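Q: Would you mind keeping the following structure in view while I ask a few things?
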Amino acid sequence: MVPRRGRSLRPGARLAGAAAVMAALGLPPVPAIFSTMEEGPRAGGATPGEAWLEAHGRALGHFVAGTWLKPPGRGTLECREAATGRLLATVLQGEEADLAAAVEAAAAAAAKWGRLGGPQRAQHLQRLAAALERGAAGMGAVAALSGGRPLSQALGADLELGLRLLRVPAGWAQLGPPGLGGWAPLGVVAILMSGPCSLAALLWKLGPLLAMGNAALVLPPAEAPLAPLLVAELSGEGGALPPGLLNVVTGTPRLHRALCAHPHIAAVTFLGAHQEEVQDVAWGSPCRGPRLGVARGGRVVVVVLDSADLDSAATAIVESMGAPPPLFPWGGCVVLAQEGVVAPLGRRLRARLGGLRVGDPLDPGTDVGPLPPTAASPKGVVQAACEEGAEVFQPPVTLPPGGRFYPPTLITGVAPTSRCLREPVPGPVLVLLPVRSPGEAVTVASGLPHVAAGAVWAQDVTLALDVAGRLPLGLVWLNALNLLDPMGGCAGGDGDGAGLEALREFGCPPWEPPWGPGNTPETLLDKELSPEPVPGGPVAAPDSADVAAAMEAARRVALGWGRLPGAARARVLRGAAAALGGGGALGPPQRDGDDGDDGRLRAALLRWAAHVELMGGVVQEVPGGRALVTRRPLGVVGVAWSGPRPLRRALELLPPALALGNGLVVVAPPSGVGSALRLRQALVAAGLPGGALAVLPGGAGGAGVSLERHRPDGLWLCGGGADPDWASAVSVTHVWVPGQVLGGPGQDPPPSAERELELRCTRPHCLWVPGGGP
Amino acid sequence: ELGWMSKVHVNRPAVVRHTERIKKWRTVKGHWQAAWLLKAVTCIDLTTLSGDDTPSNVHRLCFKAKHPIREDLLKALDMHDKGITVGAVCVYPTRVIDAVNALKAAGCNIPVASVAAGFPAGQTPLETKLAEIKLAVEYGAREIDIVISRSLVLTGQWEGLYEEIRQCREACGEAHMKTILATGELGSLANVYKASMIAMMAGSDFIKTSTGKEVENATFPVGVVMMRAIREFYWQTGNKVGFKPAGGIRTAKEAITWLMLVKEELGVEWLTPELFRLGASSLLEDIEKQIFYHVTGSYALKHDLAMA
């Protein structure tokens with residue numbers, strides 16, 4: 001065909017010029033690419049982020065009350081690009097006055113926001129999600145620039161999850177969350193970010209926090225403050241959030257300590273913090289106790305059994321090590337493979353590692369970016385493995401110059417004693433361990449520290465479900481990795497992440513008096529509880545050896561007790577109730593309900609027997625499949641029924657804890673030992689394993705501390721003056737001060753209390769089963 | 001030798017997630033895109049498999065095969081002297097002679113591929129299949145695309161399948177043999193993997209996804225599973241077997257994704273016409289349009305590009 005209008009001449013002329021330009025720039029010509037089949041760079045990813053920074057002159061302030069706050073005379077902190085170390089911008093080194101201003105703004109906003117109805121709050125949250133979606137390119141660029149997160153993650157899975165994390169709480173606010181009737185906002189909640197925690201982690205807390213009617217004060221990590229600042233700015237766009245609801249104050253950890261002094265802060269939630277840091281900040285704080293967010297060390301354990309699709313498993317594992325799941329800080333990945341498939345899996349992993357593209361996180365084709373500024377280098381740990389004689393495989397990839405890049409690494413031939421398995425390993429590092437059987441995989445996985453989530457790869461569905469069910473983890477994927485959704489559990493670890501439970505963290509239950517300045521939990525308890533006379537003067541704390549022995553015995557039987565079918569546990573409780581009733585099942589009915597503490601205790605036994613008989617979970621539809629969300633027993637719960645003002649009805653807390661499959665070690669005050677022992681006797685006679693409930697006399701303040709030392713899985717502080725216990729109890733994940741959950745003396749428990757008790761006695765277990773969608 | 005069969009496991013959702021990710025995030029732009037598209041061109045088996053094929057449209061197809069991209073466009077990309085032609089011309093056995101003659105007239109050495117062995121359904125007796133293959137080779141086809149009997153896969157007669165393909169291989173003689181698995185009719189991805197392995201063990205030079213006549217044609221997850229089988233076979237035996245997705249591939253973007261998946265699963269060394277082919281009829285037109293746009297900065301009209 002003859003081209004008309006001379007069009008055939010144009011391309012040649014244009015391209016001759018273009019080819020010359022390409023050559024001058026040193027870019028490869030088409031024939032060269034044709035032979036190498038390289039993919040080439042894709043530029044432009046940084047533009048929206050750079051534009052935002054430029055618009056602020058690369059000097060950012062705090063974001064307070066819906067506007068930028070730049071008090072004069074503050075020092076500055078430098079934010080550097082993760083990939084190159086180039087200076088991106090400076091932020092202010094906040095001081096106490098800045099914090100005070102932010103708290104004041106937040107308190108003012110919280111008062112109005114808390115009075116707003118749920119549907120209105122939901123609209124605001126939806127607008128916030130929409131604003132973030134519009135600003136996604138900027139957020140992704142900032143995450144890649146300052147955090148080194150590859151753009152394909154930041155704009156892909158991270159963004160999707162982040163928006164869900166806002167929209168799901170918005171949905172609950174719209175409907176009025178079931179079971180949370182009468183719950184009040186807390187007020188101003190501080191979110192303290194430190195270490196390697198991501199933007200998604202912030203949104204994970206922010207959504208429920210705002211949905212429940214609180215205002216937030218965010219203290220981002222000193223190394224990576226830009227993303228939270230951008231979110232705060234976006235939150236003001238188009239009236240998404242009223243000013244003052246989301247405040248960000250930048251600074252060093254020194255500033256965190258100043259939080260304690262603020263009477264307006266109702267709660268502090270920690271993201272990615274070291275235990276010591278939490279202790280440091282929480283000590284002496286008048287606020288409602290530390291609420292742990294994401295713990296440090298979000299390792300993922302992958303169990304690969306011999307019926308696994310090895311190719312897909314290797315692909316998923318390698319993909320996830322380049323960009324770990326957004327809610328877990330970098331903790332590395334441990335693969336436990338059955339001996340028959342170790343070799344073929346290892347070969348596939350090595351092949352895939354070689355295909356990873358390490359480089360500029362702003363290129364959408366990059367798989368592995370630089371280490372985030374908040375994460376340490378894995379160099380030392382890998383070195384230690386080398387010295388132990390481990391085989392360390394690193395594919396021959398060229399690392400970009402500058403920046404903190406680390407090559408993808410596979411470590412084999414180590415034992416669970418190695419540092420690379422004892423410590424969380426940041427960076428793209430994979431450890432492959434052989435196991436002899438599925439059972440051994442469970443044992444080894446249970447013995448690893450810092451595990452946030454697990455995955456089981458096996459096409460044999462029975463075996464896969466079996467192993468997944470026995471892993472002591474809150475989040476397990478079947479034949480998948482890194483799928484997260486707020487409705488299917490996304491916290492990992494022991495955190496309560498599934499659905500509604502996230503909202504409870506930020507609400508004040510109706511049985512607790514609203515919190516305000518000068519109204520600390522301690523004084524409230526003092527006011528409301530009748531003083532408990534302590535006969536015979538002060539009582540000594542329980543003997544440590546006794547606690548140790550009781551704890552040991554409880555641990556031995558708790559697992560078996562928890563695995564019994566609900567109906568079997570119900571039978572024990574009903575038997576005990578009958579025995580306590582004196583006349584058994586045919587006892588005098590006319591005294592039921594109004595015979596004081598005993599009658600209540602019996603009622604509680606019967607009610608919880610019924611609960612556990614009916615107990616089940618939910619099947620949650622999630623993108624790509626279903627998640628089975630159930631609750632598991634905590635394990636051994638220490639109950640410190642003690643302190644200057646022991647909770648009178650603490651005994652009624654025991655039936656739910658036992659019914660839901662826990663072992664208990666109770667330290668009881670002198671006045672309660674008798675009745676506690678009587679309950680124990682009745683339960684044991686009805687078939688409770690003897691060790692599952694231990695009652696120790698004690699009752700002085702500090703019983704919580706002595707229980708905590710033995711590391712129970714949960715710790716309940718049933719008494720006034722529990723604050724010192726609080727601060728020391730951060731090594732136990734599930735600490736609870738029941739307060740007035742059962743109602744005042746002589747009252748029936750409030751309606752939502754039973755759900756609260758159920759949640760406090762259990763931890764979530766989310767099992768993702770991809771496939772089978774409609 | 002079939003002990004490995006029980007160890008074949010394929011998890012479909014995981015494979016689908018992987019392909020979606022590659023599709024979404026792995027793209028090439030600018031000059032790189034042009035180079036990749038030209039690579040795709042060299043891997044195309046330019047195909048016409050219709051009841052109304054005659055010498056004239058086969059003739060036209062062969063000349064397009066020789067000149068897949070307008071000469072001045074190639075010149076602009078500095079690729080005019082690199083011998084850019086399609087990988088092969090693919091026709092029914094009865095049109096092989098026409099194609100061979102046309103290509104001879106065009107003065108080029110592009111191989112002619114012929115479908116055979118009861119294409120597309122494969123529901124013909126083995127004797128007929130073998131005879132058809134031999135005739136096609138006799139007519140001058142240098143590549144034979146055979147179809148397998150799906151019934152042998154679906155009923156688990158793996159030895160029978162091996163034997164059938166092996167005999168076809170013998171009948172092909174010197175000609176390259178591509179084995180069409182018709183993956184849309186195999187029932188499961190695990191079956192696709194097993195059939196791929198059997199086809200390679202029986203001596204196929206290429207394994208090919210579909211005939212283009214099934215309801216479900218070349219899908220990316222199926223391709224990934226076949227490529228994983230190819231890599232496993234390579235690891236086990238050291239033999240590199242080629243891969244040919246075919247059927248329903250129409251756009252330049254899909255072609256790039258296929259190349260990307262091959263690079264991801266098998267590596268760059270598979271990105272040559274010797275080890276990778278794209279079976280397509282209308283794909284070339286879209287690629288040429290994209291290259292036209294890349295070079296000139298404007299969109300091609302019908303008359304700007306020669307038809308096949």
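Labeling convention for the structure tokens: chains A, B, ... as they appear, residues from 1 per chain, ligands from 1 in order of appearance.
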Please identify every residue of segment 202-276 of chain B that has at least one atom no farther than 12 Å from an atom of segment 47-70 of chain B, counting only C-alpha atoms, and for each give the shortest atom pair and the distance in Å to one decimal, arranged by chain then increasing number, as JSON lines.
A:
{"residue": "B:Thr211", "atom": "CA", "partner": "B:Leu49", "partner_atom": "CA", "distance": 9.5}
{"residue": "B:Gly212", "atom": "CA", "partner": "B:Leu49", "partner_atom": "CA", "distance": 9.1}
{"residue": "B:Lys213", "atom": "CA", "partner": "B:Leu49", "partner_atom": "CA", "distance": 9.6}
{"residue": "B:Ala246", "atom": "CA", "partner": "B:Thr47", "partner_atom": "CA", "distance": 9.7}
{"residue": "B:Gly247", "atom": "CA", "partner": "B:Thr47", "partner_atom": "CA", "distance": 9.9}
{"residue": "B:Gly248", "atom": "CA", "partner": "B:Thr47", "partner_atom": "CA", "distance": 11.8}
{"residue": "B:Ile249", "atom": "CA", "partner": "B:Thr47", "partner_atom": "CA", "distance": 11.6}
Q: Please identify all residues of chain B having at least one atom at most 9 Å from any atom of chain A, considering only C-alpha atoms, and return them as a compact mmCIF listing (two decimals) with N, CA, C and O atoms, in the first residue's frame.
A:
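Below you can see iface_39.txt, which holds the result:
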# COMPACT_ATOMS: atom_id res chain seq x y z
N LYS B 7 3.26 -36.82 42.66
CA LYS B 7 3.80 -35.66 43.38
C LYS B 7 3.43 -34.34 42.70
O LYS B 7 3.88 -33.29 43.12
N VAL B 8 2.66 -34.42 41.64
CA VAL B 8 2.30 -33.19 40.93
C VAL B 8 1.14 -32.51 41.67
O VAL B 8 0.07 -33.09 41.84
N HIS B 9 1.40 -31.31 42.15
CA HIS B 9 0.36 -30.56 42.83
C HIS B 9 0.37 -29.14 42.29
O HIS B 9 1.41 -28.52 42.19
N VAL B 10 -0.78 -28.66 41.94
CA VAL B 10 -0.87 -27.28 41.47
C VAL B 10 -2.00 -26.59 42.22
O VAL B 10 -3.12 -27.09 42.27
N ASN B 11 -1.67 -25.46 42.81
CA ASN B 11 -2.68 -24.70 43.54
C ASN B 11 -3.17 -23.55 42.66
O ASN B 11 -2.44 -22.59 42.43
N ARG B 12 -4.38 -23.69 42.19
CA ARG B 12 -4.86 -22.73 41.20
C ARG B 12 -4.91 -21.28 41.72
O ARG B 12 -4.40 -20.38 41.05
N PRO B 13 -5.52 -21.03 42.91
CA PRO B 13 -5.57 -19.63 43.35
C PRO B 13 -4.19 -18.98 43.44
O PRO B 13 -4.03 -17.82 43.09
N ALA B 14 -3.20 -19.75 43.89
CA ALA B 14 -1.86 -19.17 44.01
C ALA B 14 -1.29 -18.83 42.64
O ALA B 14 -0.68 -17.78 42.46
N VAL B 15 -1.52 -19.72 41.68
CA VAL B 15 -1.01 -19.45 40.33
C VAL B 15 -1.71 -18.23 39.75
O VAL B 15 -1.06 -17.36 39.15
N ARG B 17 -3.03 -15.69 41.40
CA ARG B 17 -2.53 -14.47 42.05
C ARG B 17 -1.19 -14.06 41.46
O ARG B 17 -0.95 -12.87 41.22
N HIS B 18 -0.33 -15.03 41.23
CA HIS B 18 1.00 -14.72 40.70
C HIS B 18 0.89 -14.09 39.31
O HIS B 18 1.51 -13.07 39.03
N LYS B 24 -0.03 -7.03 36.16
CA LYS B 24 -0.29 -5.66 36.58
C LYS B 24 0.99 -4.83 36.68
O LYS B 24 0.99 -3.66 36.32
N TRP B 25 2.04 -5.42 37.21
CA TRP B 25 3.20 -4.59 37.57
C TRP B 25 4.39 -4.72 36.63
O TRP B 25 5.31 -3.92 36.70
N ARG B 26 4.41 -5.75 35.80
CA ARG B 26 5.56 -5.88 34.92
C ARG B 26 5.18 -5.39 33.53
O ARG B 26 4.53 -6.10 32.77
N THR B 27 5.61 -4.20 33.21
CA THR B 27 5.36 -3.69 31.87
C THR B 27 6.64 -3.04 31.38
O THR B 27 7.56 -2.81 32.14
N VAL B 28 6.68 -2.81 30.11
CA VAL B 28 7.83 -2.11 29.55
C VAL B 28 7.33 -0.89 28.80
O VAL B 28 6.22 -0.87 28.28
N LYS B 29 8.16 0.14 28.75
CA LYS B 29 7.75 1.40 28.15
C LYS B 29 8.76 1.83 27.09
O LYS B 29 9.90 1.40 27.08
N GLY B 30 8.30 2.73 26.24
CA GLY B 30 9.19 3.43 25.31
C GLY B 30 9.95 2.50 24.39
O GLY B 30 9.38 1.55 23.84
N HIS B 31 11.24 2.76 24.26
CA HIS B 31 12.10 1.97 23.39
C HIS B 31 12.07 0.51 23.79
O HIS B 31 12.16 -0.37 22.95
N TRP B 32 11.98 0.28 25.08
CA TRP B 32 11.99 -1.10 25.56
C TRP B 32 10.75 -1.82 25.04
O TRP B 32 10.82 -2.94 24.61
N GLN B 33 9.63 -1.08 25.06
CA GLN B 33 8.41 -1.69 24.57
C GLN B 33 8.55 -2.04 23.08
O GLN B 33 8.17 -3.13 22.65
N ALA B 34 9.13 -1.14 22.31
CA ALA B 34 9.29 -1.38 20.88
C ALA B 34 10.14 -2.63 20.65
O ALA B 34 9.80 -3.50 19.84
N ALA B 35 11.24 -2.71 21.40
CA ALA B 35 12.13 -3.87 21.23
C ALA B 35 11.40 -5.15 21.60
O ALA B 35 11.52 -6.17 20.91
N TRP B 36 10.65 -5.10 22.70
CA TRP B 36 9.92 -6.31 23.14
C TRP B 36 8.88 -6.71 22.10
O TRP B 36 8.66 -7.89 21.84
N LEU B 38 8.99 -6.16 18.91
CA LEU B 38 9.66 -6.76 17.75
C LEU B 38 10.07 -8.19 18.07
O LEU B 38 9.99 -9.09 17.22
N LYS B 39 10.50 -8.42 19.32
CA LYS B 39 10.82 -9.78 19.73
C LYS B 39 9.58 -10.67 19.59
O LYS B 39 9.65 -11.79 19.08
N ASP B 72 10.03 1.11 6.72
CA ASP B 72 10.53 2.40 7.23
C ASP B 72 10.40 2.50 8.76
O ASP B 72 11.17 3.18 9.41
N LEU B 73 9.41 1.78 9.29
CA LEU B 73 9.28 1.76 10.76
C LEU B 73 10.47 1.04 11.38
O LEU B 73 11.05 1.47 12.37
N LYS B 75 13.35 0.72 10.05
CA LYS B 75 14.54 1.54 9.82
C LYS B 75 14.66 2.60 10.92
O LYS B 75 15.74 2.85 11.46
N ALA B 76 13.52 3.18 11.24
CA ALA B 76 13.52 4.21 12.29
C ALA B 76 14.02 3.64 13.61
O ALA B 76 14.62 4.34 14.42
N LEU B 77 13.77 2.36 13.83
CA LEU B 77 14.20 1.73 15.08
C LEU B 77 15.57 1.08 14.92
O LEU B 77 16.04 0.41 15.83
N ASP B 78 16.17 1.26 13.74
CA ASP B 78 17.49 0.69 13.49
C ASP B 78 17.44 -0.83 13.50
O ASP B 78 18.38 -1.50 13.91
N MET B 79 16.31 -1.38 13.09
CA MET B 79 16.15 -2.84 13.13
C MET B 79 15.93 -3.41 11.73
O MET B 79 15.59 -4.58 11.57
N LYS B 82 18.01 -6.53 10.66
CA LYS B 82 18.12 -7.63 11.63
C LYS B 82 17.28 -8.83 11.23
O LYS B 82 17.10 -9.76 12.01
N VAL B 225 1.74 -22.76 34.42
CA VAL B 225 1.88 -24.17 34.83
C VAL B 225 2.70 -24.94 33.79
O VAL B 225 3.59 -25.72 34.14
N ARG B 228 6.32 -24.03 34.09
CA ARG B 228 6.95 -24.65 35.26
C ARG B 228 7.29 -26.11 34.97
O ARG B 228 8.32 -26.61 35.42
N LYS B 263 9.96 -14.81 30.65
CA LYS B 263 11.19 -14.33 31.26
C LYS B 263 11.19 -14.66 32.75
O LYS B 263 12.20 -15.09 33.30
N GLU B 264 10.05 -14.47 33.39
CA GLU B 264 9.94 -14.70 34.83
C GLU B 264 10.11 -16.19 35.17
O GLU B 264 10.83 -16.54 36.09
N GLU B 265 9.45 -17.06 34.40
CA GLU B 265 9.43 -18.47 34.77
C GLU B 265 10.62 -19.23 34.20
O GLU B 265 11.11 -20.16 34.84
N GLY B 267 13.30 -17.64 32.11
CA GLY B 267 14.52 -16.87 31.89
C GLY B 267 14.63 -16.35 30.47
O GLY B 267 13.92 -16.78 29.57
N VAL B 268 15.57 -15.44 30.30
CA VAL B 268 15.72 -14.75 29.01
C VAL B 268 16.08 -15.73 27.90
O VAL B 268 15.70 -15.54 26.75
N LEU B 271 13.55 -16.68 25.42
CA LEU B 271 12.90 -15.67 24.57
C LEU B 271 13.53 -15.64 23.18
O LEU B 271 14.06 -14.62 22.75
N PHE B 292 3.94 1.54 15.01
CA PHE B 292 3.66 2.75 14.21
C PHE B 292 3.50 3.95 15.14
O PHE B 292 4.07 5.01 14.93
N VAL B 295 6.78 5.01 16.74
CA VAL B 295 7.72 5.69 15.85
C VAL B 295 7.21 7.06 15.44
O VAL B 295 7.93 8.04 15.49
N THR B 296 5.93 7.12 15.07
CA THR B 296 5.43 8.37 14.49
C THR B 296 4.75 9.26 15.51
O THR B 296 4.61 10.45 15.30
N GLY B 297 4.31 8.69 16.59
CA GLY B 297 3.58 9.48 17.56
C GLY B 297 2.13 9.68 17.17
O GLY B 297 1.41 10.44 17.83
N HIS B 303 -5.18 2.10 6.14
CA HIS B 303 -4.35 2.08 4.94
C HIS B 303 -2.88 2.30 5.24
O HIS B 303 -2.04 2.20 4.35
N ASP B 304 -2.54 2.66 6.47
CA ASP B 304 -1.13 2.88 6.79
C ASP B 304 -0.35 1.58 6.85
O ASP B 304 0.85 1.57 6.66
N LEU B 305 -1.05 0.51 7.17
CA LEU B 305 -0.36 -0.76 7.38
C LEU B 305 -0.90 -1.80 6.41
O LEU B 305 -2.12 -1.86 6.17
N ALA B 306 -0.02 -2.62 5.90
CA ALA B 306 -0.44 -3.64 4.95
C ALA B 306 -1.16 -4.78 5.66
O ALA B 306 -0.77 -5.17 6.76
Q: If you run DSSP on this backbone, which residues of segment 259-304 of chain B come out as helix (DSSP H, G or I), and could you give them as JSON, numbers by chain?
A: {"B": [259, 260, 261, 262, 263, 264, 265, 268, 269, 270, 283, 284, 285, 286, 287, 288, 289, 290, 291, 292, 293, 294, 295, 296, 302, 303, 304]}
Q: Between atom CA of Gly663 of chain A and atom CA of Ala502 of chain A, what is the distance in Å, rounded to a tenth?
A: 25.6 Å
Q: Expressed in Å to a single decimal, how great is the separation between atom CA of Val115 of chain B and atom CA of Lys178 of chain B?
A: 9.0 Å
Q: Extract, using only C-alpha atoms, all DNA, RNA and protein residues at most 8 Å from Val153 of chain B, discarding same-chain residues fewer than 4 positions from it, and format them as a list in words.
A: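 With the cut-off at 8 Å, the set is Ser149, Gln157, Trp158, Leu161, Leu186, Asn191 and Ala195 of chain B.
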Q: With only C-alpha atoms as the counted atoms, please give the residues lying no more than 7 Å from segment 236-244 of chain A, apart from itself and same-chain residues fewer than 6 positions off, as JSON, numbers by chain.
A: {"A": [64, 65, 66, 105, 106, 109, 124, 127, 128, 131]}
Q: Can you spit out the residues from that selection as an mmCIF file, in the first residue's frame, using N, CA and C atoms?
A:
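Everything below was put into selection-v7.cif:
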data_model
loop_
_atom_site.group_PDB
_atom_site.id
_atom_site.type_symbol
_atom_site.label_atom_id
_atom_site.label_comp_id
_atom_site.auth_asym_id
_atom_site.auth_seq_id
_atom_site.Cartn_x
_atom_site.Cartn_y
_atom_site.Cartn_z
ATOM 1 N N VAL A 64 -1.204 20.315 63.135
ATOM 2 C CA VAL A 64 -2.031 20.423 64.331
ATOM 3 C C VAL A 64 -3.266 21.239 64.006
ATOM 4 N N ALA A 65 -4.407 20.788 64.478
ATOM 5 C CA ALA A 65 -5.669 21.496 64.298
ATOM 6 C C ALA A 65 -5.929 21.827 62.832
ATOM 7 N N GLY A 66 -5.621 20.903 61.958
ATOM 8 C CA GLY A 66 -5.956 21.076 60.551
ATOM 9 C C GLY A 66 -5.045 22.012 59.800
ATOM 10 N N ALA A 105 -5.746 20.894 70.871
ATOM 11 C CA ALA A 105 -6.546 20.885 69.644
ATOM 12 C C ALA A 105 -7.330 19.583 69.538
ATOM 13 N N ALA A 106 -6.665 18.485 69.866
ATOM 14 C CA ALA A 106 -7.319 17.191 69.755
ATOM 15 C C ALA A 106 -8.464 17.083 70.747
ATOM 16 N N ALA A 109 -11.381 18.994 69.442
ATOM 17 C CA ALA A 109 -12.025 18.310 68.316
ATOM 18 C C ALA A 109 -12.743 17.060 68.797
ATOM 19 N N HIS A 124 -17.576 10.949 57.214
ATOM 20 C CA HIS A 124 -16.251 11.580 57.253
ATOM 21 C C HIS A 124 -15.154 10.578 56.928
ATOM 22 N N ARG A 127 -15.025 9.829 53.392
ATOM 23 C CA ARG A 127 -14.395 10.929 52.658
ATOM 24 C C ARG A 127 -12.875 10.893 52.842
ATOM 25 N N LEU A 128 -12.472 10.501 54.047
ATOM 26 C CA LEU A 128 -11.031 10.393 54.286
ATOM 27 C C LEU A 128 -10.422 9.331 53.372
ATOM 28 N N ALA A 131 -10.179 10.686 50.000
ATOM 29 C CA ALA A 131 -9.091 11.656 49.877
ATOM 30 C C ALA A 131 -7.748 10.942 49.763
#
Q: Quick one: residues within 12 Å of Leu500 of chain A, only C-alpha atoms, excluding same-chain residues fewer than 5 positions away - as a PyMOL selection string?
A: chain A and resi 165+168-173+175-180+207-209+211-212+486-489+505-507+629+755-756+759+764
Q: One number please: atom CA of Trp204 of chain A to atom CA of Pro326 of chain A, in Å, one decimal.
A: 10.3 Å
